[in-house]
Each structure stands twice: as C-alpha cells, then as structure tokens.
Amino acid sequence: MNPLDTLPKNLIAAWQKYGNKKIAMRQKEMGIWRSYTWQDSCQQVRQLSLGLMRLGMGRGDKVCIIGDNDPQYFWAQLAIQSGGGVAVGIFTDSAPQEIQYIVDHSDAAFVFAKDQEQCDKLLEIRAQVPKVKRVIYWDDKGLWNYQEAWLVGFDELRSLGRSLDEEQPHLFEHSVEQGHGDELAIFCYTSGTTGLPKGAMITHRNLLAGCDSAQLADPRLETDEYLSFLPPAWITENVLGLTVHLRVGMVVNFPESPETVQENIRELTPHAMLFSARLWENMMGLVQVKIAETSRVNRLLYRMFMPVGYKVAGLRYEQRKAVNPPWRLLYALGDFALFHPLRDKLGLTRVKSAYSSGAALNPDVIRFFRAVGVNIKQLYGSTEAQVHTLHVKDDVRFETVGVPPPGQYVKIAENSEILVSGGTVFQGYYKNPEATEKALRVDEDGRRWFCTGDAGHLDADGHLIYLDRVKEMITLASGEKYSPQFLEGQLKFSPYIRDVMTVGGEERAYVAALINMDFENVGRWAEKRGVPYTTFVDLSQKPEVYDLIRRDVERVNRALPPAARIRKFVLLHKEFDADEGELTRTRKLRRNLLLERYQDMISAMYGDGDSVNVRAAVKYRDGREGVVETTVRVAAMQTEETGT
C-alpha cells in the first residue's frame, strides 16, 4: 500500500523533505508578498487540526469552508483531513440560504469562514444549522467587537491546538497515520443547474489518482510557480492546485484579491495557470479592446504581425508542418515587436502550461493565444471524475478537448453520452442513492463508469470532441441538431458580448438568441464614438449597439449551416444574474428558468413583433437608482432563404 495515500501524509513528507529550506506558499497582503515555508504550513495545519480535536471534531465529521484563495483555506482543509474529517467547500458568493442548504445537508459540525461577510451570513442562519458547534474565522477585520462565543478566531483555535499538543505530543502524527486512501477527503457540491446541489463524495485516493494522472500527462516541477485563482471549493483547484502542490512541491501563490489577479500575475509570471474558459475569453477581449484604443503604431504592429502568429500557429498545431525559415524570421520579428511585450503585459512570459477548464473553450481563443506564443491547453472534466481528457504536449487540436490522461478511460454510449472510468471516479452523492445509481454504471468486467450526461464523440486518433449536455442538444424543425453551448461560445468570442442563450427546437422554425452585452467594453466603445447613454438599459437599446452586435452574429452565422443560423436576436436590458437564480455560481445558464422569465421576448422573436415593453431597475452613471419602462427591440438577420 502506498504510504503516502492521503493528503496530510504528503504534507508531512514535504515538510520532512523541505522544512524551512523551501517556500511552500506566498500571498500578497497590503502590497507585499508574504512567504510561508513548508515548516510554516505544517505547523499551521498541526495546530489547527489539534484545535479542532480539542473542540470535539472526530473522524468522519464534516467541516465546511467558505473563503477565497488564501493559505488559510488550504491549511484549514488539511487540518480537517489530518483529524480524519471531510472538508466541504462553499463558494464565497453563496447567499445565506445556499450556505444553509449545504451546511445542513452535509451534517457539518464546524464551519471555517474567511471574514466578517461570511460570519454575518452564518449568524443570520444560525437557528437553521443547529449541528454547527463553532464557526472559525481567519480574517478578524470588523469582528473585534463581536461578543459571540459561537465565533472562534484562528489564533484562538491554534492556541487550543498548542495546549493539546503539550498534553499529547504524538496525537497529530497518530491521527495522520490512522488515515488511509479510501477515507473521504472532500465533498464537492455540484452547480445544481436543474435542481438542488448534490454532494459528490471524493476520497484521498481519488484526488491523488487525479494528480498522478495529470503529472504523467504534463508534469509540474518543484521549482514551478503556480497561481491559485479558481475557487478552492471547485474540484479542479483541489486536484491541480492543492494536491499537486503537496505531491510535487511547487510553490502556490495567492492573489491579494480577485480584483488584483491580473496585476499579481504580471508580478509573478507563473509557470502554470489554470483559468476558467470565461477568464481566458475575458483576457483576450481585454487585449482586443486595449489594442483598439492604443497608439497608431501599436495598432499597425498588431495588424502586421497577428496574421503571422496565426499562420505559424496553424502550421505547427493544425497542419503539423515544419515552419520554414522565412516564416520563422517573421515570427521572431513579431515576437520582438508585439508578442513578447503582449505576454509581458499579461504576465505570461514564463508560463509553460496554461489550462482552461469549466466549459468548452472557443477554438478562436486557443488560436489567439497560440498565435502570441502562449501554450494554452484545454481540460475537460467534472466534479465527479476530475480530468477526463486534456491536450498533451503539442498534440493540440482546436476542435477537441484532448485525450484521456494515463489511467483514465473514455467511451461513448449509444445515445452519444460520454462515459468515464478510472481511479478518479467518485464514490457517489452524499445521502442521495437515487442520483448515485443514475450516475454510476458497472460493466461486466466490474469497471465503474461515470455517466457524464455530456454528448460527444471520439475521432480516429482518440481525441474527444465535446458537443454539449445530452439533454441540451436541440433538434431543429429540419431535423438537424445543433449544440447551443457551441453556438453561444462562438458568440461570446466577441469582446462586446458577455452572455448569450440561444433558443430553438422542433416546434420552432429557426434559432434565436437572447444576448447580454458586455457593459464595460460596449460603454468604452460608445464613448469613443460619441454615442451618449445614461444606463445599461439605455445603452443596450441604442441602434448603434444593435449594429455592433449584429456584426458579431453575422460572423458566427457565416460558419454555420443555413438551418442552424440565428435569424433573430434581442439585446437584453439587464445582465443575467446569479443572485436572481438565472446563473449558477460558476456562471452556467439555468435555461429552464430563463426560458420562462424571458418568454415574452422569445415569443416576439418567433412572431411578427419587433419589440417588447419591459420594466427595469436601473442605476445611473451618477449613482442614482430607479425603475424605468423601456422597449427591447427584436433584430432580424438577413438569411439566404428569406433575404430579410
């Protein structure tokens, strides 16, 4: 049996190897990078874990954590697991009612909360979570005057741990040694796009299998610098952030705040980065907007050398041909004049592996970053089985999500559903045997397969082409199927489009779209062209903005078969909002709710109407708020069939 079969055992092994000789973590605080050695980390975990034991945490107890990317989050998780507990991550932007559901459903005995904001949410629901014995916080700003015994600070918990350590000096090591790979390590609650979130039960062995598999495909080194930015409640950050950190020894860096990420990336120039697809799309959109606003010389360089970058990237990665000397020379000139300065501005000069996860990444985004010299690759995975496929080395095909890493297996069911097997497959959903039975399938050889619910197919070389959720594939009146997610991803390639939901189906004659403009980028575009506006509502209905978005819809339509092209669209008067239930916390569309909420607009797009009257809450540019009545226009696209 592997002696390092749990995360805490790997922590102790790393501490024994590195001690105070190597930095384990860094965090930007008050403008200064603060470093923690492996001994610092192990000491924090030891004291916190013993403190939890002093408060009554036992093996198998569930402990929730609500916080941003901080060393304290990782220490809390490892402290829980060192005592045989199960860590349950909760997203920081969760509403009190969402927190209540997860805390109650998981049977949590304790909760770690970052700061006053999260403590206030927990105090609001205290009566509804009677199983919680204590809430432990690590940022005490604003909490000094709280006279509440239910709240315990990190320092107090560590003090309790030190006292227990004096009484039983070998208790921590004994507790860690008791752990084994098949113990539950974490619960990861799914997004819940169609119902209540489900708690996926994941063991230490599952996490370590995912880490080792990824290392075989694309190894990280102990000298690598990694930026932790994806939510730590997400499975991907648990595997490729925390678990790889413990297994390999790479340095994990934490940004000062979500708002300073780009600045912190430029300071660090990390070797490895893991962003959501939306963040990569935002970064590319920001570059395009900045180029449009920069000097004439820089715009000229961009127009001159981006075609060179696309050409060379196409030869290398799509056509798999050698780049001849003239093109290599042109690319070298472009790298000196444009690409390297651009990578420097983005903090990507040292990056060896840039990964995208969470949703299918638009192929044009991959092409853009490849053109400027960034080794961007795509991961496809799930909460329940971690990384299913990824692009390995230079075997990057823009239309695919890669191949299974070593130890993982993928096959396609008769209904085109993607099935996944391997050491990463979870143990089921907590207190939900019905959902577990639907999600897990055992074949005649005894191999467990996770039914992803996603549609796709494998090409001749074993690359997986992801299409969409099986249930989201839509059949048009013509009988032709299309993927809403793929079409929406193509539209969101535009820096002026933030979100979009397409509408279609057998009962409808064509595809239509509800589009959210990107207020910041469109607002900047409007100001530069002298288009006046007062609010989001006002700007969204400007004819000039409709023409701007129409050009992006035309771009996407040109690449689609006629029957699948968007015939009509509306620019919504408001953004899709997670607080209103329109998006999940990972910004996935809740389609059924959106179909119901925007039914009037959808009906107008499939009828003869050219507008819909709505009432909307607005915030003016001077800070005033109010409610206005406005008219949302329906825009019709020209089509080959109608000529309109």
# chains A, B, ... in the order shown; residues from 1 in each chain; ligands from 1
>>> residues_around(residues="A:Leu268", least_positions_apart="6", cutoff="12 Å", atoms="only C-alpha atoms", output="CSV table (one decimal) with N, CA and C atoms, in the first residue's frame")
chain,number,residue,atom,x,y,z
A,26,ARG,N,3.0,31.7,-1.1
A,26,ARG,CA,3.1,33.1,-1.0
A,26,ARG,C,1.7,33.7,-1.1
A,27,GLN,N,1.5,34.9,-0.4
A,27,GLN,CA,0.3,35.6,-0.5
A,27,GLN,C,0.6,37.1,-0.5
A,28,LYS,N,-0.1,37.8,-1.4
A,28,LYS,CA,0.0,39.3,-1.5
A,28,LYS,C,-0.9,39.9,-0.4
A,33,TRP,N,4.4,40.7,-0.8
A,33,TRP,CA,4.3,39.2,-0.9
A,33,TRP,C,4.9,38.6,0.4
A,224,ASP,N,8.4,25.1,-10.0
A,224,ASP,CA,7.3,25.9,-10.7
A,224,ASP,C,6.6,26.8,-9.7
A,225,GLU,N,6.2,27.9,-10.3
A,225,GLU,CA,5.3,28.9,-9.6
A,225,GLU,C,3.9,28.7,-10.1
A,226,TYR,N,2.9,28.5,-9.2
A,226,TYR,CA,1.5,28.3,-9.6
A,226,TYR,C,0.7,29.4,-9.0
A,227,LEU,N,-0.2,30.0,-9.7
A,227,LEU,CA,-1.2,31.0,-9.2
A,227,LEU,C,-2.5,30.3,-8.9
A,228,SER,N,-2.9,30.3,-7.6
A,228,SER,CA,-4.2,29.8,-7.2
A,228,SER,C,-5.3,30.9,-7.4
A,251,VAL,N,5.4,25.9,-5.7
A,251,VAL,CA,5.0,27.0,-4.9
A,251,VAL,C,3.6,27.5,-5.4
A,252,VAL,N,2.7,27.6,-4.4
A,252,VAL,CA,1.4,28.1,-4.7
A,252,VAL,C,1.3,29.6,-4.3
A,253,ASN,N,0.9,30.4,-5.2
A,253,ASN,CA,0.8,31.9,-4.9
A,253,ASN,C,-0.7,32.3,-4.9
A,254,PHE,N,-1.0,33.1,-4.0
A,254,PHE,CA,-2.4,33.6,-3.8
A,254,PHE,C,-2.5,35.1,-4.1
A,255,PRO,N,-3.4,35.5,-4.9
A,255,PRO,CA,-3.5,37.0,-5.2
A,255,PRO,C,-4.0,37.7,-4.0
A,261,VAL,N,-5.9,40.2,-9.6
A,261,VAL,CA,-5.4,39.0,-10.2
A,261,VAL,C,-4.4,39.3,-11.3
A,262,GLN,N,-4.9,40.1,-12.3
A,262,GLN,CA,-4.1,40.4,-13.5
A,262,GLN,C,-2.8,41.1,-13.1
A,344,ASP,N,4.2,39.9,-21.8
A,344,ASP,CA,4.7,40.6,-20.6
A,344,ASP,C,3.6,41.4,-19.9
A,345,LYS,N,2.8,42.1,-20.7
A,345,LYS,CA,1.7,42.8,-20.1
A,345,LYS,C,0.7,41.9,-19.4
A,346,LEU,N,0.5,40.7,-19.9
A,346,LEU,CA,-0.4,39.7,-19.3
A,346,LEU,C,0.2,38.8,-18.2
A,347,GLY,N,1.5,38.9,-18.0
A,347,GLY,CA,2.2,38.1,-17.0
A,347,GLY,C,2.4,36.7,-17.5
A,348,LEU,N,2.5,36.5,-18.8
A,348,LEU,CA,2.6,35.1,-19.3
A,348,LEU,C,4.0,34.8,-20.0
A,349,THR,N,5.0,35.5,-19.6
A,349,THR,CA,6.3,35.3,-20.2
A,349,THR,C,7.0,34.0,-19.8
A,350,ARG,N,6.7,33.5,-18.7
A,350,ARG,CA,7.3,32.2,-18.2
A,350,ARG,C,6.3,31.0,-18.3
A,351,VAL,N,5.1,31.2,-18.6
A,351,VAL,CA,4.1,30.2,-18.5
A,351,VAL,C,4.4,29.0,-19.4
>>> select_by_dssp(residues="stretch 326-477 of chain A", states="strand (DSSP E)", output="count of residues only")
50
>>> atom_distance(atom1="atom CA of A:Thr584", atom2="atom CA of A:Val470")
18.9 Å
>>> closest_residue(among="A:Leu171, A:Leu246, A:Leu571, A:Val132", to="A:Trp38", atoms="only C-alpha atoms")
A:Leu246
>>> atom_distance(atom1="atom CA of A:Arg508", atom2="atom CA of A:Arg278")
29.6 Å
>>> residues_around(residues="A:Arg565", least_positions_apart="5", cutoff="8 Å", atoms="only C-alpha atoms", output="list in words")
Tyr510, Val511, Asn557 and Leu560 of chain A
>>> closest_residue(among="A:Phe305, A:Tyr18, A:Phe187, A:Tyr380", to="A:Asp107", atoms="only C-alpha atoms")
A:Phe187
>>> residues_around(residues="A:Pro169", least_positions_apart="6", cutoff="12 Å", atoms="only C-alpha atoms", output="list in words")
Arg46, Gln47, Leu50, Gly161, Arg162, Ser163 and Ser175 of chain A
>>> closest_residue(among="A:Leu274, A:Met284, A:Ile202, A:Val410", to="A:Ala354", atoms="only C-alpha atoms")
A:Leu274
>>> residues_around(residues="A:Phe519", least_positions_apart="5", cutoff="10 Å", atoms="only C-alpha atoms", output="mmCIF file with C-alpha atoms, in the first residue's frame")
data_model
loop_
_atom_site.group_PDB
_atom_site.id
_atom_site.type_symbol
_atom_site.label_atom_id
_atom_site.label_comp_id
_atom_site.auth_asym_id
_atom_site.auth_seq_id
_atom_site.Cartn_x
_atom_site.Cartn_y
_atom_site.Cartn_z
ATOM 1 C CA TYR A 496 -18.801 43.061 -26.704
ATOM 2 C CA ILE A 497 -20.918 40.036 -25.696
ATOM 3 C CA ARG A 498 -20.900 38.864 -22.067
ATOM 4 C CA ARG A 524 -15.979 52.262 -23.795
ATOM 5 C CA TRP A 525 -16.744 51.683 -27.477
ATOM 6 C CA THR A 535 -27.640 53.490 -18.042
ATOM 7 C CA PHE A 536 -27.150 49.867 -19.047
ATOM 8 C CA VAL A 537 -30.793 49.826 -20.209
ATOM 9 C CA LEU A 539 -27.056 51.743 -23.926
ATOM 10 C CA SER A 540 -28.385 48.253 -24.683
ATOM 11 C CA LYS A 574 -30.136 43.634 -17.943
ATOM 12 C CA GLU A 575 -27.410 41.091 -17.305
#
>>> select_by_dssp(residues="stretch 86-295 of chain A", states="helix (DSSP H, G or I)", output="PyMOL selection string")
chain A and resi 96-105+116-124+126-128+154-167+171-178+204-217+235-248+258-268+277-293
>>> write_last_selection(atoms="C-alpha atoms", output="mmCIF file, in the first residue's frame")
data_model
loop_
_atom_site.group_PDB
_atom_site.id
_atom_site.type_symbol
_atom_site.label_atom_id
_atom_site.label_comp_id
_atom_site.auth_asym_id
_atom_site.auth_seq_id
_atom_site.Cartn_x
_atom_site.Cartn_y
_atom_site.Cartn_z
ATOM 1 C CA PRO A 96 -27.236 32.624 3.210
ATOM 2 C CA GLN A 97 -29.947 30.210 2.066
ATOM 3 C CA GLU A 98 -27.493 28.403 -0.224
ATOM 4 C CA ILE A 99 -24.982 28.138 2.611
ATOM 5 C CA GLN A 100 -27.710 26.842 4.926
ATOM 6 C CA TYR A 101 -28.600 24.058 2.485
ATOM 7 C CA ILE A 102 -25.013 22.798 2.133
ATOM 8 C CA VAL A 103 -24.151 23.128 5.839
ATOM 9 C CA ASP A 104 -27.330 21.298 6.831
ATOM 10 C CA HIS A 105 -27.239 18.675 4.064
ATOM 11 C CA GLN A 116 -16.978 39.290 8.629
ATOM 12 C CA GLU A 117 -19.098 38.956 5.484
ATOM 13 C CA GLN A 118 -19.223 35.163 5.710
ATOM 14 C CA CYS A 119 -19.639 35.192 9.507
ATOM 15 C CA ASP A 120 -22.614 37.531 9.173
ATOM 16 C CA LYS A 121 -24.254 35.117 6.727
ATOM 17 C CA LEU A 122 -23.754 32.254 9.167
ATOM 18 C CA LEU A 123 -25.086 34.272 12.113
ATOM 19 C CA GLU A 124 -28.182 35.014 10.017
ATOM 20 C CA ARG A 126 -27.626 30.099 12.971
ATOM 21 C CA ALA A 127 -31.020 28.846 14.125
ATOM 22 C CA GLN A 128 -31.346 26.719 10.953
ATOM 23 C CA PHE A 154 -7.711 31.259 14.013
ATOM 24 C CA ASP A 155 -5.364 32.393 16.794
ATOM 25 C CA GLU A 156 -7.672 31.010 19.479
ATOM 26 C CA LEU A 157 -8.016 27.694 17.635
ATOM 27 C CA ARG A 158 -4.240 27.411 17.256
ATOM 28 C CA SER A 159 -3.835 28.152 20.964
ATOM 29 C CA LEU A 160 -6.207 25.306 21.777
ATOM 30 C CA GLY A 161 -4.166 23.101 19.489
ATOM 31 C CA ARG A 162 -0.875 24.014 21.151
ATOM 32 C CA SER A 163 -2.266 23.163 24.581
ATOM 33 C CA LEU A 164 -3.453 19.753 23.351
ATOM 34 C CA ASP A 165 -0.077 19.200 21.696
ATOM 35 C CA GLU A 166 1.650 19.717 25.040
ATOM 36 C CA GLU A 167 -0.646 17.191 26.672
ATOM 37 C CA LEU A 171 -1.585 12.833 18.793
ATOM 38 C CA PHE A 172 -1.259 14.699 15.475
ATOM 39 C CA GLU A 173 1.112 12.142 13.930
ATOM 40 C CA HIS A 174 -1.040 9.283 15.201
ATOM 41 C CA SER A 175 -4.166 10.840 13.689
ATOM 42 C CA VAL A 176 -2.492 11.351 10.311
ATOM 43 C CA GLU A 177 -1.154 7.778 10.311
ATOM 44 C CA GLN A 178 -4.658 6.473 11.008
ATOM 45 C CA HIS A 204 -7.931 10.853 -0.850
ATOM 46 C CA ARG A 205 -7.191 8.090 -3.342
ATOM 47 C CA ASN A 206 -9.429 9.807 -5.912
ATOM 48 C CA LEU A 207 -7.546 13.117 -5.505
ATOM 49 C CA LEU A 208 -4.108 11.536 -5.646
ATOM 50 C CA ALA A 209 -5.079 9.453 -8.701
ATOM 51 C CA GLY A 210 -6.133 12.652 -10.472
ATOM 52 C CA CYS A 211 -2.888 14.382 -9.538
ATOM 53 C CA ASP A 212 -0.677 11.481 -10.609
ATOM 54 C CA SER A 213 -2.556 11.103 -13.878
ATOM 55 C CA ALA A 214 -2.128 14.793 -14.687
ATOM 56 C CA GLN A 215 1.569 14.623 -13.758
ATOM 57 C CA LEU A 216 2.150 11.820 -16.235
ATOM 58 C CA ALA A 217 0.476 13.852 -18.968
ATOM 59 C CA ILE A 235 -12.640 20.161 -7.716
ATOM 60 C CA THR A 236 -10.130 21.396 -10.302
ATOM 61 C CA GLU A 237 -8.319 23.656 -7.824
ATOM 62 C CA ASN A 238 -8.299 20.828 -5.280
ATOM 63 C CA VAL A 239 -6.543 18.479 -7.694
ATOM 64 C CA LEU A 240 -4.276 20.658 -9.849
ATOM 65 C CA GLY A 241 -3.662 23.235 -7.121
ATOM 66 C CA LEU A 242 -3.539 21.746 -3.621
ATOM 67 C CA THR A 243 -2.865 18.074 -4.407
ATOM 68 C CA VAL A 244 -0.137 18.739 -6.992
ATOM 69 C CA HIS A 245 1.392 21.257 -4.554
ATOM 70 C CA LEU A 246 1.650 18.565 -1.863
ATOM 71 C CA ARG A 247 2.766 15.813 -4.216
ATOM 72 C CA VAL A 248 5.374 17.776 -6.201
ATOM 73 C CA PRO A 258 -9.943 38.778 -7.087
ATOM 74 C CA GLU A 259 -9.687 42.350 -8.439
ATOM 75 C CA THR A 260 -5.851 42.327 -8.437
ATOM 76 C CA VAL A 261 -5.353 38.982 -10.170
ATOM 77 C CA GLN A 262 -4.068 40.404 -13.461
ATOM 78 C CA GLU A 263 -1.629 42.701 -11.675
ATOM 79 C CA ASN A 264 -0.425 39.856 -9.436
ATOM 80 C CA ILE A 265 0.044 37.550 -12.431
ATOM 81 C CA ARG A 266 2.314 40.110 -14.068
ATOM 82 C CA GLU A 267 4.412 40.372 -10.893
ATOM 83 C CA LEU A 268 4.750 36.608 -10.520
ATOM 84 C CA ALA A 277 -12.832 29.405 -20.139
ATOM 85 C CA ARG A 278 -14.622 32.675 -19.418
ATOM 86 C CA LEU A 279 -11.500 34.236 -17.880
ATOM 87 C CA TRP A 280 -9.400 33.354 -20.922
ATOM 88 C CA GLU A 281 -12.101 34.832 -23.139
ATOM 89 C CA ASN A 282 -12.161 37.985 -20.995
ATOM 90 C CA MET A 283 -8.383 38.299 -21.205
ATOM 91 C CA MET A 284 -8.445 38.050 -24.975
ATOM 92 C CA GLY A 285 -11.311 40.535 -25.176
ATOM 93 C CA LEU A 286 -9.368 42.969 -22.985
ATOM 94 C CA VAL A 287 -6.366 42.730 -25.301
ATOM 95 C CA GLN A 288 -8.523 43.454 -28.333
ATOM 96 C CA VAL A 289 -10.127 46.466 -26.673
ATOM 97 C CA LYS A 290 -6.764 47.828 -25.490
ATOM 98 C CA ILE A 291 -5.289 47.426 -28.968
ATOM 99 C CA ALA A 292 -8.224 49.333 -30.456
ATOM 100 C CA GLU A 293 -7.511 52.199 -28.047
#
>>> closest_residue(among="A:Lys133, A:Ile412, A:Phe112, A:Asp40", to="A:Leu55", atoms="only C-alpha atoms")
A:Lys133
>>> residues_around(residues="A:Ile418", least_positions_apart="4", cutoff="9 Å", atoms="only C-alpha atoms", output="list in words")
Val410, Lys411, Ile412, Ala413, Phe450, Cys451, Thr452, Gly453, Asp454, Ala455, Gly456, His457 and Tyr466 of chain A
>>> residues_around(residues="A:Arg447", least_positions_apart="4", cutoff="10 Å", atoms="only C-alpha atoms", output="PyMOL selection string")
chain A and resi 421-422+441-443
>>> write_last_selection(atoms="C-alpha atoms", output="mmCIF file, in the first residue's frame")
data_model
loop_
_atom_site.group_PDB
_atom_site.id
_atom_site.type_symbol
_atom_site.label_atom_id
_atom_site.label_comp_id
_atom_site.auth_asym_id
_atom_site.auth_seq_id
_atom_site.Cartn_x
_atom_site.Cartn_y
_atom_site.Cartn_z
ATOM 1 C CA SER A 421 -13.679 5.376 -15.821
ATOM 2 C CA GLY A 422 -10.507 5.345 -13.707
ATOM 3 C CA ARG A 441 -22.608 2.169 -14.028
ATOM 4 C CA VAL A 442 -20.659 -1.085 -13.539
ATOM 5 C CA ASP A 443 -19.800 -3.126 -16.649
#
>>> decode(residues="stretch 217-238 of chain A", atoms="N, CA and C atoms", output="short mmCIF file (atom, residue, chain, number, x, y, z; two decimals), in the first residue's frame")
data_model
loop_
_atom_site.label_atom_id
_atom_site.label_comp_id
_atom_site.auth_asym_id
_atom_site.auth_seq_id
_atom_site.Cartn_x
_atom_site.Cartn_y
_atom_site.Cartn_z
N ALA A 217 0.81 13.20 -17.70
CA ALA A 217 0.48 13.85 -18.97
C ALA A 217 1.24 15.15 -19.17
N ASP A 218 1.39 15.94 -18.10
CA ASP A 218 2.03 17.25 -18.20
C ASP A 218 2.62 17.60 -16.84
N PRO A 219 3.83 17.13 -16.57
CA PRO A 219 4.37 17.23 -15.21
C PRO A 219 4.70 18.65 -14.76
N ARG A 220 4.36 18.93 -13.50
CA ARG A 220 4.80 20.14 -12.80
C ARG A 220 6.08 19.81 -12.04
N LEU A 221 6.92 20.82 -11.82
CA LEU A 221 8.19 20.65 -11.13
C LEU A 221 8.16 21.37 -9.79
N GLU A 222 9.03 20.98 -8.88
CA GLU A 222 9.07 21.64 -7.58
C GLU A 222 9.53 23.09 -7.68
N THR A 223 10.16 23.43 -8.79
CA THR A 223 10.60 24.82 -8.99
C THR A 223 9.53 25.70 -9.63
N ASP A 224 8.39 25.10 -10.00
CA ASP A 224 7.35 25.86 -10.68
C ASP A 224 6.62 26.80 -9.71
N GLU A 225 6.18 27.92 -10.27
CA GLU A 225 5.32 28.86 -9.56
C GLU A 225 3.91 28.73 -10.13
N TYR A 226 2.94 28.54 -9.23
CA TYR A 226 1.55 28.34 -9.63
C TYR A 226 0.69 29.41 -8.99
N LEU A 227 -0.24 29.97 -9.75
CA LEU A 227 -1.17 30.95 -9.22
C LEU A 227 -2.50 30.28 -8.90
N SER A 228 -2.91 30.34 -7.65
CA SER A 228 -4.20 29.78 -7.23
C SER A 228 -5.26 30.85 -7.37
N PHE A 229 -6.17 30.65 -8.33
CA PHE A 229 -7.19 31.67 -8.57
C PHE A 229 -8.59 31.07 -8.69
N LEU A 230 -8.71 29.89 -9.28
CA LEU A 230 -10.03 29.27 -9.37
C LEU A 230 -10.57 28.99 -7.97
N PRO A 231 -11.88 29.05 -7.79
CA PRO A 231 -12.44 28.86 -6.44
C PRO A 231 -11.94 27.57 -5.80
N PRO A 232 -11.45 27.64 -4.55
CA PRO A 232 -10.96 26.42 -3.89
C PRO A 232 -12.05 25.42 -3.57
N ALA A 233 -13.32 25.83 -3.66
CA ALA A 233 -14.42 24.88 -3.49
C ALA A 233 -14.62 24.01 -4.73
N TRP A 234 -13.92 24.35 -5.81
CA TRP A 234 -14.06 23.64 -7.09
C TRP A 234 -13.08 22.48 -7.13
N ILE A 235 -13.47 21.36 -7.68
CA ILE A 235 -12.64 20.16 -7.72
C ILE A 235 -11.32 20.40 -8.44
N THR A 236 -11.33 21.20 -9.50
CA THR A 236 -10.13 21.40 -10.30
C THR A 236 -9.01 22.03 -9.49
N GLU A 237 -9.34 23.02 -8.66
CA GLU A 237 -8.32 23.66 -7.82
C GLU A 237 -7.84 22.69 -6.74
N ASN A 238 -8.71 21.82 -6.26
CA ASN A 238 -8.30 20.83 -5.28
C ASN A 238 -7.26 19.86 -5.84
#
